[in-house]
>>> print(open('work_3.tsv').read())   # TSV, C-alpha atoms
chain	number	residue	atom	x	y	z
A	295	MET	CA	-33.26	-66.88	59.14
A	296	GLY	CA	-31.89	-67.79	62.59
A	297	SER	CA	-30.02	-65.37	64.74
A	298	GLY	CA	-26.77	-67.19	64.01
A	299	GLY	CA	-27.21	-66.73	60.27
A	300	TYR	CA	-28.11	-63.08	60.75
A	301	LEU	CA	-25.00	-62.50	62.89
A	302	SER	CA	-22.82	-64.29	60.33
A	303	GLU	CA	-24.23	-62.14	57.54
A	304	LEU	CA	-23.70	-59.02	59.63
A	305	TRP	CA	-20.13	-60.09	60.38
A	306	LEU	CA	-19.44	-60.71	56.69
A	307	SER	CA	-20.86	-57.30	55.78
A	308	ALA	CA	-18.68	-55.64	58.39
A	309	LEU	CA	-15.63	-57.53	57.17
A	310	LEU	CA	-16.34	-56.57	53.55
A	311	LEU	CA	-16.74	-52.92	54.52
A	312	PHE	CA	-13.48	-53.07	56.43
A	313	LEU	CA	-11.66	-54.59	53.48
A	314	LEU	CA	-13.07	-52.02	51.08
A	315	GLN	CA	-12.00	-49.21	53.38
A	316	ALA	CA	-8.57	-50.75	53.79
A	317	VAL	CA	-8.06	-51.21	50.06
A	318	GLY	CA	-9.48	-47.79	49.24
A	319	GLY	CA	-7.45	-46.15	51.97
A	320	SER	CA	-4.22	-47.75	50.85
A	321	ALA	CA	-4.95	-46.82	47.25
A	322	LEU	CA	-5.48	-43.22	48.24
A	323	LEU	CA	-2.32	-43.26	50.33
A	324	HIS	CA	-0.37	-44.72	47.43
A	325	ALA	CA	-1.79	-42.15	45.07
A	326	GLY	CA	-0.82	-39.33	47.39
A	327	ALA	CA	2.59	-40.75	48.29
A	328	SER	CA	3.65	-41.82	44.79
A	329	ASP	CA	4.79	-38.29	43.92
A	330	LEU	CA	7.30	-38.28	46.78
A	331	PRO	CA	10.20	-38.20	47.13
A	332	LEU	CA	10.87	-35.71	44.34
A	333	VAL	CA	13.98	-34.27	42.75
A	334	ILE	CA	13.73	-31.58	40.07
A	335	ASN	CA	16.43	-29.35	38.65
A	336	THR	CA	16.89	-26.75	35.94
A	337	TRP	CA	18.21	-27.84	32.53
A	338	ALA	CA	18.85	-31.37	31.27
A	339	PHE	CA	21.58	-32.02	33.83
A	340	ARG	CA	20.71	-35.71	34.19
A	341	LYS	CA	23.70	-36.85	36.23
A	342	ALA	CA	22.98	-34.16	38.80
A	343	THR	CA	19.43	-35.50	39.18
A	344	GLU	CA	20.74	-39.05	39.44
A	345	ALA	CA	23.24	-38.06	42.13
A	346	ALA	CA	20.55	-36.38	44.22
A	347	TRP	CA	18.10	-39.26	43.75
A	348	SER	CA	20.73	-41.87	44.67
A	349	THR	CA	21.56	-39.91	47.80
A	350	LEU	CA	17.92	-39.97	48.89
A	351	GLN	CA	17.61	-43.70	48.13
A	352	ALA	CA	20.70	-44.38	50.22
A	353	GLY	CA	19.09	-42.70	53.22
A	354	GLY	CA	20.61	-39.23	52.85
A	355	SER	CA	18.73	-36.10	53.85
A	356	GLU	CA	17.16	-33.60	51.50
A	357	LEU	CA	20.07	-31.22	52.14
A	358	ASP	CA	22.52	-34.04	51.41
A	359	ALA	CA	20.73	-34.68	48.11
A	360	VAL	CA	20.84	-31.01	47.05
A	361	GLU	CA	24.53	-30.79	47.95
A	362	LYS	CA	25.39	-33.97	46.03
A	363	GLY	CA	23.26	-33.03	43.02
A	364	CYS	CA	24.62	-29.52	42.61
A	365	GLY	CA	28.10	-30.80	43.48
A	366	GLN	CA	27.89	-33.25	40.59
A	367	CYS	CA	27.35	-30.36	38.21
A	368	GLU	CA	30.34	-28.55	39.70
A	369	ILE	CA	32.48	-31.62	38.98
A	370	GLU	CA	31.11	-32.04	35.44
A	371	GLN	CA	31.24	-28.28	34.70
A	372	CYS	CA	27.66	-28.52	33.40
A	373	ASP	CA	27.38	-26.56	30.14
A	374	GLY	CA	30.46	-24.60	31.22
A	375	SER	CA	28.14	-22.48	33.35
A	376	VAL	CA	28.60	-24.37	36.64
A	377	GLY	CA	31.89	-25.06	38.40
A	378	TYR	CA	35.50	-24.32	37.54
A	379	GLY	CA	36.85	-23.48	34.09
A	380	GLY	CA	33.88	-21.53	32.80
A	381	SER	CA	32.45	-18.00	32.48
A	382	PRO	CA	35.67	-16.02	32.97
A	383	ASP	CA	35.10	-12.49	34.20
A	384	GLU	CA	36.55	-9.43	32.47
A	385	HIS	CA	39.94	-10.17	34.04
A	386	GLY	CA	39.87	-13.82	33.00
A	387	GLU	CA	39.09	-15.31	36.41
A	388	THR	CA	36.34	-17.85	37.15
A	389	THR	CA	34.50	-17.29	40.43
A	390	LEU	CA	31.61	-19.25	41.87
A	391	ASP	CA	28.25	-18.55	43.57
A	392	ALA	CA	26.13	-21.11	45.42
A	393	MET	CA	23.41	-21.41	48.05
A	394	ILE	CA	21.50	-24.09	49.92
A	395	MET	CA	18.30	-23.71	51.96
A	396	ASP	CA	16.60	-25.89	54.56
A	397	GLY	CA	12.82	-25.59	54.20
A	398	ASN	CA	12.22	-26.94	57.72
A	399	THR	CA	14.36	-24.45	59.65
A	400	MET	CA	14.56	-21.72	56.96
A	401	GLU	CA	18.34	-21.69	57.40
A	402	VAL	CA	20.39	-20.61	54.39
A	403	GLY	CA	24.05	-20.99	53.60
A	404	ALA	CA	25.54	-19.15	50.63
A	405	VAL	CA	28.78	-18.02	49.06
A	406	ALA	CA	29.35	-15.46	46.32
A	407	ASP	CA	32.37	-14.40	44.28
A	408	LEU	CA	34.13	-17.47	45.73
A	409	ARG	CA	37.69	-17.70	44.42
A	410	ARG	CA	39.99	-20.75	43.98
A	411	ILE	CA	37.53	-23.24	45.55
A	412	LYS	CA	35.82	-25.81	43.30
A	413	ASN	CA	33.08	-27.14	45.60
A	414	ALA	CA	30.98	-23.99	46.10
A	415	ILE	CA	27.80	-25.80	47.18
A	416	GLY	CA	29.83	-27.70	49.78
A	417	VAL	CA	31.14	-24.45	51.22
A	418	ALA	CA	27.59	-23.05	51.27
A	419	ARG	CA	26.49	-26.07	53.34
A	420	LYS	CA	29.33	-25.39	55.79
A	421	VAL	CA	28.04	-21.84	56.26
A	422	ILE	CA	24.85	-23.37	57.70
A	423	GLN	CA	26.65	-25.98	59.75
A	424	HIS	CA	29.46	-23.94	61.24
A	425	THR	CA	28.42	-20.27	61.32
A	426	GLY	CA	25.54	-18.10	62.39
A	427	HIS	CA	25.72	-16.25	59.06
A	428	THR	CA	23.86	-16.66	55.79
A	429	LEU	CA	26.16	-15.32	53.04
A	430	LEU	CA	29.95	-15.07	52.79
A	431	VAL	CA	31.62	-13.35	49.84
A	432	GLY	CA	34.87	-12.93	47.95
A	433	GLU	CA	38.33	-13.56	49.34
A	434	SER	CA	36.92	-13.87	52.86
A	435	ALA	CA	34.64	-16.68	51.71
A	436	THR	CA	37.71	-18.42	50.30
A	437	MET	CA	39.50	-18.08	53.64
A	438	PHE	CA	36.48	-19.63	55.37
A	439	ALA	CA	36.46	-22.50	52.88
A	440	GLU	CA	40.13	-23.18	53.47
A	441	SER	CA	39.54	-23.23	57.22
A	442	MET	CA	36.86	-25.88	56.60
A	443	GLY	CA	39.39	-28.05	54.77
A	444	PHE	CA	38.55	-27.23	51.15
A	445	PRO	CA	41.68	-27.17	48.95
A	446	SER	CA	42.67	-23.99	47.15
A	447	GLU	CA	42.94	-24.64	43.40
A	448	ASP	CA	43.23	-22.62	40.22
A	449	LEU	CA	39.78	-22.50	38.60
A	450	THR	CA	41.19	-21.43	35.23
A	451	THR	CA	41.39	-24.03	32.45
A	452	GLN	CA	42.65	-23.93	28.88
A	453	LYS	CA	39.03	-23.57	27.76
A	454	SER	CA	38.26	-20.59	30.02
A	455	LEU	CA	41.57	-18.97	29.08
A	456	SER	CA	40.72	-19.39	25.39
A	457	ILE	CA	37.29	-17.81	25.93
A	458	TYR	CA	38.94	-14.86	27.66
A	459	LEU	CA	41.64	-14.32	25.03
A	460	LYS	CA	39.13	-14.44	22.16
A	461	TRP	CA	37.04	-11.85	23.99
A	462	LEU	CA	40.07	-9.57	24.37
A	463	ASN	CA	40.76	-9.93	20.65
A	464	ARG	CA	37.18	-8.80	19.93
A	465	SER	CA	37.85	-5.51	21.75
A	466	CYS	CA	36.15	-6.93	24.86
A	467	GLN	CA	32.81	-7.41	23.12
A	468	PRO	CA	30.24	-7.93	24.50
A	469	ASN	CA	30.50	-6.57	28.05
A	470	PHE	CA	28.36	-5.20	30.86
A	471	TRP	CA	29.50	-1.57	30.92
A	472	LYS	CA	27.42	1.45	29.90
A	473	ASN	CA	27.66	5.23	30.11
A	474	VAL	CA	31.46	5.12	30.30
A	475	THR	CA	34.48	6.35	28.41
A	476	PRO	CA	36.09	5.01	26.28
A	477	ASP	CA	33.01	3.71	24.48
A	478	ALA	CA	32.44	0.23	25.95
A	479	SER	CA	30.67	-0.92	22.78
A	480	LYS	CA	33.89	-0.47	20.80
A	481	SER	CA	36.86	-0.94	23.09
A	482	CYS	CA	38.25	-2.45	26.27
A	483	GLY	CA	38.73	-0.55	29.52
A	484	PRO	CA	39.73	0.65	31.96
A	485	TYR	CA	36.61	2.78	31.93
A	486	LYS	CA	35.51	5.96	33.62
A	487	GLN	CA	32.03	7.40	33.88
A	488	THR	CA	31.07	9.85	31.17
A	489	GLU	CA	30.45	13.45	32.03
A	490	ASP	CA	27.23	13.38	30.04
A	491	PHE	CA	25.45	10.53	31.80
A	492	SER	CA	22.45	9.15	29.96
A	493	ARG	CA	19.90	6.85	31.57
A	494	GLU	CA	19.13	5.61	28.07
A	495	GLY	CA	22.54	3.97	27.77
A	496	LYS	CA	22.12	0.38	26.61
A	497	ASN	CA	24.33	-2.56	27.42
A	498	ILE	CA	25.45	-4.18	24.16
A	499	LEU	CA	25.39	-7.56	25.92
A	500	GLU	CA	21.60	-7.49	26.14
A	501	LYS	CA	21.35	-7.79	22.36
A	502	THR	CA	24.00	-10.42	21.74
A	503	VAL	CA	24.24	-12.71	24.75
A	504	HIS	CA	23.72	-16.43	24.20
A	505	VAL	CA	21.34	-18.21	26.55
A	506	HIS	CA	24.06	-20.56	27.84
A	507	ASN	CA	25.93	-17.56	29.24
A	508	HIS	CA	23.48	-17.55	32.12
A	509	ASP	CA	22.81	-21.19	32.94
A	510	THR	CA	22.62	-22.21	36.58
A	511	ILE	CA	21.75	-25.46	38.24
A	512	GLY	CA	18.84	-24.88	40.58
A	513	MET	CA	17.57	-27.94	42.43
A	514	ILE	CA	14.56	-28.80	44.61
A	515	VAL	CA	14.37	-31.95	46.73
A	516	ILE	CA	11.29	-33.06	48.67
A	517	GLY	CA	11.64	-36.08	50.93
A	518	GLN	CA	9.12	-38.82	51.61
A	519	ASN	CA	8.15	-37.05	54.85
A	520	GLY	CA	7.59	-33.72	53.10
A	521	SER	CA	10.82	-32.00	54.15
A	522	ILE	CA	12.04	-29.64	51.45
A	523	ALA	CA	15.48	-28.31	50.52
A	524	ALA	CA	16.68	-26.26	47.57
A	525	GLY	CA	19.98	-25.03	46.22
A	526	THR	CA	21.90	-23.47	43.34
A	527	SER	CA	25.40	-23.37	41.90
A	528	THR	CA	26.86	-21.29	39.07
A	529	ASN	CA	29.96	-19.54	37.81
A	530	GLY	CA	27.87	-16.55	36.83
A	531	ALA	CA	27.70	-14.45	33.69
A	532	VAL	CA	30.60	-14.71	31.26
A	533	HIS	CA	32.72	-11.51	31.00
A	534	LYS	CA	31.04	-10.10	34.10
A	535	ILE	CA	32.57	-7.12	35.88
A	536	GLN	CA	34.74	-8.30	38.77
A	537	GLY	CA	32.74	-8.54	41.98
A	538	ARG	CA	29.41	-9.07	40.23
A	539	VAL	CA	27.00	-11.35	42.08
A	540	GLY	CA	23.81	-12.57	40.43
A	541	ASP	CA	20.64	-14.14	41.75
A	542	SER	CA	21.92	-17.66	42.44
A	543	PRO	CA	23.26	-17.19	45.99
A	544	ILE	CA	20.42	-14.90	47.09
A	545	ALA	CA	17.64	-16.61	49.07
A	546	GLY	CA	14.31	-15.90	47.42
A	547	ALA	CA	15.95	-15.06	44.11
A	548	GLY	CA	18.06	-18.04	43.03
A	549	ALA	CA	16.05	-20.50	45.10
A	550	TYR	CA	13.68	-20.68	48.05
A	551	ALA	CA	12.27	-23.54	50.13
A	552	ASP	CA	9.54	-23.70	52.76
A	553	SER	CA	8.34	-27.12	53.85
A	554	THR	CA	4.90	-25.68	54.63
A	555	ALA	CA	4.35	-24.37	51.08
A	556	GLY	CA	6.84	-25.62	48.48
A	557	ALA	CA	10.02	-24.57	46.71
A	558	ALA	CA	11.22	-22.84	43.56
A	559	ALA	CA	14.48	-22.19	41.76
A	560	ALA	CA	15.38	-19.79	38.97
A	561	THR	CA	17.84	-19.69	36.08
A	562	GLY	CA	18.62	-17.05	33.50
A	563	ASP	CA	19.66	-13.42	33.57
A	564	GLY	CA	20.31	-13.05	37.28
A	565	ASP	CA	20.87	-9.30	37.13
A	566	VAL	CA	17.27	-8.87	36.05
A	567	MET	CA	15.62	-11.77	37.87
A	568	MET	CA	17.05	-11.04	41.33
A	569	ARG	CA	15.18	-7.72	41.40
A	570	PHE	CA	11.87	-9.60	41.57
A	571	LEU	CA	12.67	-12.42	44.05
A	572	PRO	CA	10.93	-14.91	41.73
A	573	SER	CA	11.59	-18.01	43.82
A	574	TYR	CA	10.13	-16.47	46.95
A	575	GLN	CA	7.16	-15.11	45.02
A	576	ALA	CA	6.41	-18.48	43.43
A	577	VAL	CA	6.43	-20.22	46.82
A	578	GLU	CA	4.04	-17.65	48.21
A	579	TYR	CA	1.73	-18.17	45.23
A	580	MET	CA	1.74	-21.91	45.95
A	581	ARG	CA	0.99	-21.23	49.60
A	582	THR	CA	-2.37	-19.86	48.49
A	583	GLY	CA	-3.13	-23.14	46.71
A	584	MET	CA	-1.96	-22.13	43.25
A	585	GLU	CA	-0.68	-24.99	41.09
A	586	PRO	CA	3.12	-25.00	40.58
A	587	THR	CA	2.98	-24.41	36.82
A	588	VAL	CA	0.68	-21.41	37.24
A	589	ALA	CA	2.88	-20.04	40.04
A	590	CYS	CA	5.90	-20.26	37.77
A	591	GLN	CA	4.05	-18.58	34.91
A	592	LYS	CA	2.89	-15.72	37.13
A	593	VAL	CA	6.41	-14.84	38.28
A	594	ILE	CA	7.70	-14.95	34.69
A	595	SER	CA	4.86	-12.65	33.59
A	596	ARG	CA	5.59	-10.29	36.45
A	597	ILE	CA	9.22	-9.86	35.37
A	598	ARG	CA	8.25	-9.56	31.70
A	599	LYS	CA	6.01	-6.61	32.50
A	600	TYR	CA	9.15	-4.58	33.22
A	601	THR	CA	11.74	-6.39	31.08
A	602	PRO	CA	9.93	-7.99	28.11
A	603	PHE	CA	12.98	-9.61	26.52
A	604	PHE	CA	14.72	-11.06	29.56
A	605	PHE	CA	16.08	-14.61	29.42
A	606	GLY	CA	14.87	-16.74	32.31
A	607	ALA	CA	12.99	-19.75	33.64
A	608	VAL	CA	11.64	-20.97	36.98
A	609	ILE	CA	10.89	-24.45	38.37
A	610	CYS	CA	8.31	-24.93	41.12
A	611	ALA	CA	7.12	-27.79	43.35
A	612	ASN	CA	4.48	-27.88	46.09
A	613	THR	CA	4.29	-29.95	49.26
A	614	SER	CA	2.40	-32.82	47.60
A	615	GLY	CA	5.12	-33.32	45.00
A	616	SER	CA	3.33	-31.67	42.09
A	617	TYR	CA	5.78	-29.68	39.98
A	618	GLY	CA	5.94	-27.38	36.99
A	619	ALA	CA	8.05	-24.81	35.18
A	620	ALA	CA	7.80	-21.72	33.00
A	621	CYS	CA	10.10	-19.63	30.84
A	622	ASN	CA	10.04	-16.33	28.98
A	623	LYS	CA	9.93	-16.69	25.21
A	624	VAL	CA	12.69	-14.77	23.42
A	625	PRO	CA	14.50	-15.34	20.10
A	626	GLY	CA	16.56	-18.50	20.41
A	627	PHE	CA	14.79	-19.65	23.56
A	628	THR	CA	11.30	-21.02	23.04
A	629	GLN	CA	11.41	-24.14	25.23
A	630	PHE	CA	12.89	-24.93	28.61
A	631	HIS	CA	14.30	-28.35	29.49
A	632	PHE	CA	14.48	-29.54	33.09
A	633	MET	CA	14.84	-32.82	34.95
A	634	ALA	CA	12.48	-34.61	37.34
A	635	SER	CA	12.61	-37.85	39.30
A	636	ASN	CA	9.94	-39.42	41.51
A	637	PRO	CA	8.53	-42.93	42.09
A	638	THR	CA	5.99	-42.52	39.28
A	639	LEU	CA	8.64	-41.62	36.70
A	640	ARG	CA	10.84	-44.52	37.92
A	641	GLN	CA	13.96	-42.85	36.59
A	642	PRO	CA	15.22	-39.29	36.10
A	643	SER	CA	13.32	-37.93	33.11
A	644	GLU	CA	13.79	-34.87	30.95
A	645	GLN	CA	10.79	-32.54	30.90
A	646	ILE	CA	10.08	-29.81	28.35
A	647	VAL	CA	7.80	-26.77	28.61
A	648	ASP	CA	6.98	-24.19	25.95
A	649	CYS	CA	7.92	-20.66	26.92
A	650	ILE	CA	5.20	-18.06	27.36
>>> encode(input="work_3.tsv", output="structure tokens")
Amino acid sequence: MGSGGYLSELWLSALLLFLLQAVGGSALLHAGASDLPLVINTWAFRKATEAAWSTLQAGGSELDAVEKGCGQCEIEQCDGSVGYGGSPDEHGETTLDAMIMDGNTMEVGAVADLRRIKNAIGVARKVIQHTGHTLLVGESATMFAESMGFPSEDLTTQKSLSIYLKWLNRSCQPNFWKNVTPDASKSCGPYKQTEDFSREGKNILEKTVHVHNHDTIGMIVIGQNGSIAAGTSTNGAVHKIQGRVGDSPIAGAGAYADSTAGAAAATGDGDVMMRFLPSYQAVEYMRTGMEPTVACQKVISRIRKYTPFFFGAVICANTSGSYGAACNKVPGFTQFHFMASNPTLRQPSEQIVDCI
């Protein structure tokens, strides 16, 4: 073979190798990138997922997507557990909790016990944008919202009023009081602490509460570039004592995001779950390389060790776009439904996991 033929053969071999590397490299890139961007949220709140996904596709940021997604649930009053007109407290008023977290800067904006303002997640975003604080609460949070241009509106509806009146007619059953007089398991308040205080006092609500009394939308958004945001919105536990704040607006409890590790969000009995910072714990598990589903399961198991019959679930996603969820199995709650959307799924899809 002449030198020209040898050089031609060498050139062809080099070209073939280059093409194989190019094709293989692009295939690997596609495989790695196909899971991003990602939107996941608790419960089968499809329109919330669609709103967040559409925001990303239109060029919005991850924070924009979380705000729009959770905001959609506030408008729709998802399951009556998010937004106005749901979960009246023991005085008949609906109040809102929400938070949003930037996984790049670790900034958090949150509001709790927000009164007369419908767009709680929007106010939480303003806390990041216009203050050096993290959490604003109660009437002062409402004043801040009004200064940011949010209209003051009555959050009571005919439905929430009906829920409240029926509860009053049932002698305020169930409720969250214990170790008080008169007997909170038989009558309405006002209550005073009993002289003979017993640590064994049980809250009647623990035995009778329906799972939908504790729903929250928790959402995780991961952009194409790996930036992560998370957020929550809820109107809290129905018939709660005035001033009660659950896990939803607490960073690390209701949700947590860190663009170097992943994100998680929780839903369920916030009074129990917030004691364990499940969202923060799940993210730290994923930081060690643990798969999202396993991270979720571990935080559920950790809570169950102390409170075996708690109602709750957690969603988790890591930096590559892998995601998972877990829930605690109790009577009436054996599966957890959540939503996910990424390029592989092509459209927002309902996911189901069996509780452990």
>>> closest_residue(input="work_3.tsv", among="A:Ile457, A:Ile535, A:Leu429, A:Cys621", to="Lys472 of chain A", atoms="only C-alpha atoms")
A:Ile535
>>> residues_around(input="work_3.tsv", residues="Leu332 of chain A", least_positions_apart="3", cutoff="7 Å", atoms="all atoms listed in the file", output="PDB file with C-alpha atoms, in the frame of the given file")
ATOM      1  CA  ASP A 329       4.790 -38.290  43.920  1.00  0.00           C
ATOM      2  CA  VAL A 515      14.370 -31.950  46.730  1.00  0.00           C
ATOM      3  CA  ILE A 516      11.290 -33.060  48.670  1.00  0.00           C
ATOM      4  CA  GLY A 517      11.640 -36.080  50.930  1.00  0.00           C
ATOM      5  CA  GLY A 615       5.120 -33.320  45.000  1.00  0.00           C
ATOM      6  CA  SER A 635      12.610 -37.850  39.300  1.00  0.00           C
ATOM      7  CA  ASN A 636       9.940 -39.420  41.510  1.00  0.00           C
TER       8      ASN A 636
END
>>> closest_residue(input="work_3.tsv", among="A:Ala531, A:Ile411, A:Cys590, A:Met567", to="Met442 of chain A", atoms="all atoms listed in the file")
A:Ile411
>>> residues_around(input="work_3.tsv", residues="Asp477 of chain A", least_positions_apart="3", cutoff="12 Å", atoms="only C-alpha atoms", output="compact mmCIF listing (two decimals) with C-alpha atoms, keeping the file's coordinate frame")
# COMPACT_ATOMS: atom_id res chain seq x y z
CA SER A 465 37.85 -5.51 21.75
CA CYS A 466 36.15 -6.93 24.86
CA GLN A 467 32.81 -7.41 23.12
CA PRO A 468 30.24 -7.93 24.50
CA ASN A 469 30.50 -6.57 28.05
CA PHE A 470 28.36 -5.20 30.86
CA TRP A 471 29.50 -1.57 30.92
CA LYS A 472 27.42 1.45 29.90
CA ASN A 473 27.66 5.23 30.11
CA VAL A 474 31.46 5.12 30.30
CA LYS A 480 33.89 -0.47 20.80
CA SER A 481 36.86 -0.94 23.09
CA CYS A 482 38.25 -2.45 26.27
CA GLY A 483 38.73 -0.55 29.52
CA PRO A 484 39.73 0.65 31.96
CA TYR A 485 36.61 2.78 31.93
CA LYS A 486 35.51 5.96 33.62
CA GLN A 487 32.03 7.40 33.88
CA THR A 488 31.07 9.85 31.17
CA GLY A 495 22.54 3.97 27.77
CA LYS A 496 22.12 0.38 26.61
CA ASN A 497 24.33 -2.56 27.42
CA ILE A 498 25.45 -4.18 24.16
>>> closest_residue(input="work_3.tsv", among="A:Tyr378, A:Trp461, A:Phe603, A:Trp347", to="Lys412 of chain A", atoms="only C-alpha atoms")
A:Tyr378
>>> atom_distance(input="work_3.tsv", atom1="atom CA of Phe632 of chain A", atom2="atom CA of Ile422 of chain A")
27.4 Å
>>> closest_residue(input="work_3.tsv", among="A:Asp648, A:Asp373, A:Glu447, A:Glu578", to="Asn529 of chain A", atoms="all atoms listed in the file")
A:Asp373
>>> residues_around(input="work_3.tsv", residues="Phe570 of chain A", least_positions_apart="3", cutoff="8 Å", atoms="all atoms listed in the file", output="short mmCIF file (atom, residue, chain, number, x, y, z; two decimals) with C-alpha atoms, keeping the file's coordinate frame")
data_model
loop_
_atom_site.label_atom_id
_atom_site.label_comp_id
_atom_site.auth_asym_id
_atom_site.auth_seq_id
_atom_site.Cartn_x
_atom_site.Cartn_y
_atom_site.Cartn_z
CA ALA A 547 15.95 -15.06 44.11
CA VAL A 566 17.27 -8.87 36.05
CA MET A 567 15.62 -11.77 37.87
CA ILE A 597 9.22 -9.86 35.37
#
>>> atom_distance(input="work_3.tsv", atom1="atom CA of Ala551 of chain A", atom2="atom CA of Ile522 of chain A")
6.2 Å
>>> atom_distance(input="work_3.tsv", atom1="atom CA of Val577 of chain A", atom2="atom CA of Lys592 of chain A")
11.3 Å
>>> axis_aligned_box(input="work_3.tsv", around="segment 457-473 of chain A", padding_each_side="5 Å", output="JSON")
{"center_x": 34.5, "center_y": -6.3, "center_z": 25.4, "size_x": 24.2, "size_y": 33.0, "size_z": 21.0}
>>> closest_residue(input="work_3.tsv", among="A:Lys362, A:Arg464, A:Arg340, A:Arg409", to="Thr526 of chain A", atoms="only C-alpha atoms")
A:Lys362
>>> residues_around(input="work_3.tsv", residues="Ser381 of chain A", least_positions_apart="4", cutoff="10 Å", atoms="only C-alpha atoms", output="list of chain:residue names")
A:Gly374, A:Ser375, A:Val376, A:Gly377, A:Gly386, A:Glu387, A:Thr388, A:Thr389, A:Leu390, A:Thr450, A:Lys453, A:Ser454, A:Leu455, A:Ile457, A:Tyr458, A:His506, A:Asn507, A:His508, A:Thr528, A:Asn529, A:Gly530, A:Ala531, A:Val532, A:His533, A:Lys534
>>> write_last_selection(input="work_3.tsv", atoms="C-alpha atoms", output="PDB file, in the frame of the given file")
ATOM      1  CA  GLY A 374      30.460 -24.600  31.220  1.00  0.00           C
ATOM      2  CA  SER A 375      28.140 -22.480  33.350  1.00  0.00           C
ATOM      3  CA  VAL A 376      28.600 -24.370  36.640  1.00  0.00           C
ATOM      4  CA  GLY A 377      31.890 -25.060  38.400  1.00  0.00           C
ATOM      5  CA  GLY A 386      39.870 -13.820  33.000  1.00  0.00           C
ATOM      6  CA  GLU A 387      39.090 -15.310  36.410  1.00  0.00           C
ATOM      7  CA  THR A 388      36.340 -17.850  37.150  1.00  0.00           C
ATOM      8  CA  THR A 389      34.500 -17.290  40.430  1.00  0.00           C
ATOM      9  CA  LEU A 390      31.610 -19.250  41.870  1.00  0.00           C
ATOM     10  CA  THR A 450      41.190 -21.430  35.230  1.00  0.00           C
ATOM     11  CA  LYS A 453      39.030 -23.570  27.760  1.00  0.00           C
ATOM     12  CA  SER A 454      38.260 -20.590  30.020  1.00  0.00           C
ATOM     13  CA  LEU A 455      41.570 -18.970  29.080  1.00  0.00           C
ATOM     14  CA  ILE A 457      37.290 -17.810  25.930  1.00  0.00           C
ATOM     15  CA  TYR A 458      38.940 -14.860  27.660  1.00  0.00           C
ATOM     16  CA  HIS A 506      24.060 -20.560  27.840  1.00  0.00           C
ATOM     17  CA  ASN A 507      25.930 -17.560  29.240  1.00  0.00           C
ATOM     18  CA  HIS A 508      23.480 -17.550  32.120  1.00  0.00           C
ATOM     19  CA  THR A 528      26.860 -21.290  39.070  1.00  0.00           C
ATOM     20  CA  ASN A 529      29.960 -19.540  37.810  1.00  0.00           C
ATOM     21  CA  GLY A 530      27.870 -16.550  36.830  1.00  0.00           C
ATOM     22  CA  ALA A 531      27.700 -14.450  33.690  1.00  0.00           C
ATOM     23  CA  VAL A 532      30.600 -14.710  31.260  1.00  0.00           C
ATOM     24  CA  HIS A 533      32.720 -11.510  31.000  1.00  0.00           C
ATOM     25  CA  LYS A 534      31.040 -10.100  34.100  1.00  0.00           C
TER      26      LYS A 534
END
>>> residues_around(input="work_3.tsv", residues="Ala576 of chain A", least_positions_apart="3", cutoff="12 Å", atoms="only C-alpha atoms", output="ChimeraX atom specification")
/A:546-552,555-560,570-573,579-596,607-612,617-620
>>> residues_near_point(input="work_3.tsv", point="(32.7, -11.4, 53.7)", cutoff="12 Å", atoms="all atoms listed in the file", output="short mmCIF file (atom, residue, chain, number, x, y, z; two decimals) with C-alpha atoms, in the coordinates of the input")
data_model
loop_
_atom_site.label_atom_id
_atom_site.label_comp_id
_atom_site.auth_asym_id
_atom_site.auth_seq_id
_atom_site.Cartn_x
_atom_site.Cartn_y
_atom_site.Cartn_z
CA ALA A 404 25.54 -19.15 50.63
CA VAL A 405 28.78 -18.02 49.06
CA ALA A 406 29.35 -15.46 46.32
CA ASP A 407 32.37 -14.40 44.28
CA LEU A 408 34.13 -17.47 45.73
CA VAL A 421 28.04 -21.84 56.26
CA HIS A 427 25.72 -16.25 59.06
CA THR A 428 23.86 -16.66 55.79
CA LEU A 429 26.16 -15.32 53.04
CA LEU A 430 29.95 -15.07 52.79
CA VAL A 431 31.62 -13.35 49.84
CA GLY A 432 34.87 -12.93 47.95
CA GLU A 433 38.33 -13.56 49.34
CA SER A 434 36.92 -13.87 52.86
CA ALA A 435 34.64 -16.68 51.71
CA THR A 436 37.71 -18.42 50.30
CA MET A 437 39.50 -18.08 53.64
CA PHE A 438 36.48 -19.63 55.37
CA ALA A 439 36.46 -22.50 52.88
#
>>> closest_residue(input="work_3.tsv", among="A:Gln536, A:Thr349, A:Thr425, A:Gln645", to="His385 of chain A", atoms="only C-alpha atoms")
A:Gln536
>>> residues_near_point(input="work_3.tsv", point="(28.9, -28.2, 42.9)", cutoff="9 Å", atoms="all atoms listed in the file", output="PyMOL selection string")
chain A and resi 361-371+376-377+392+412-416+511+526-528
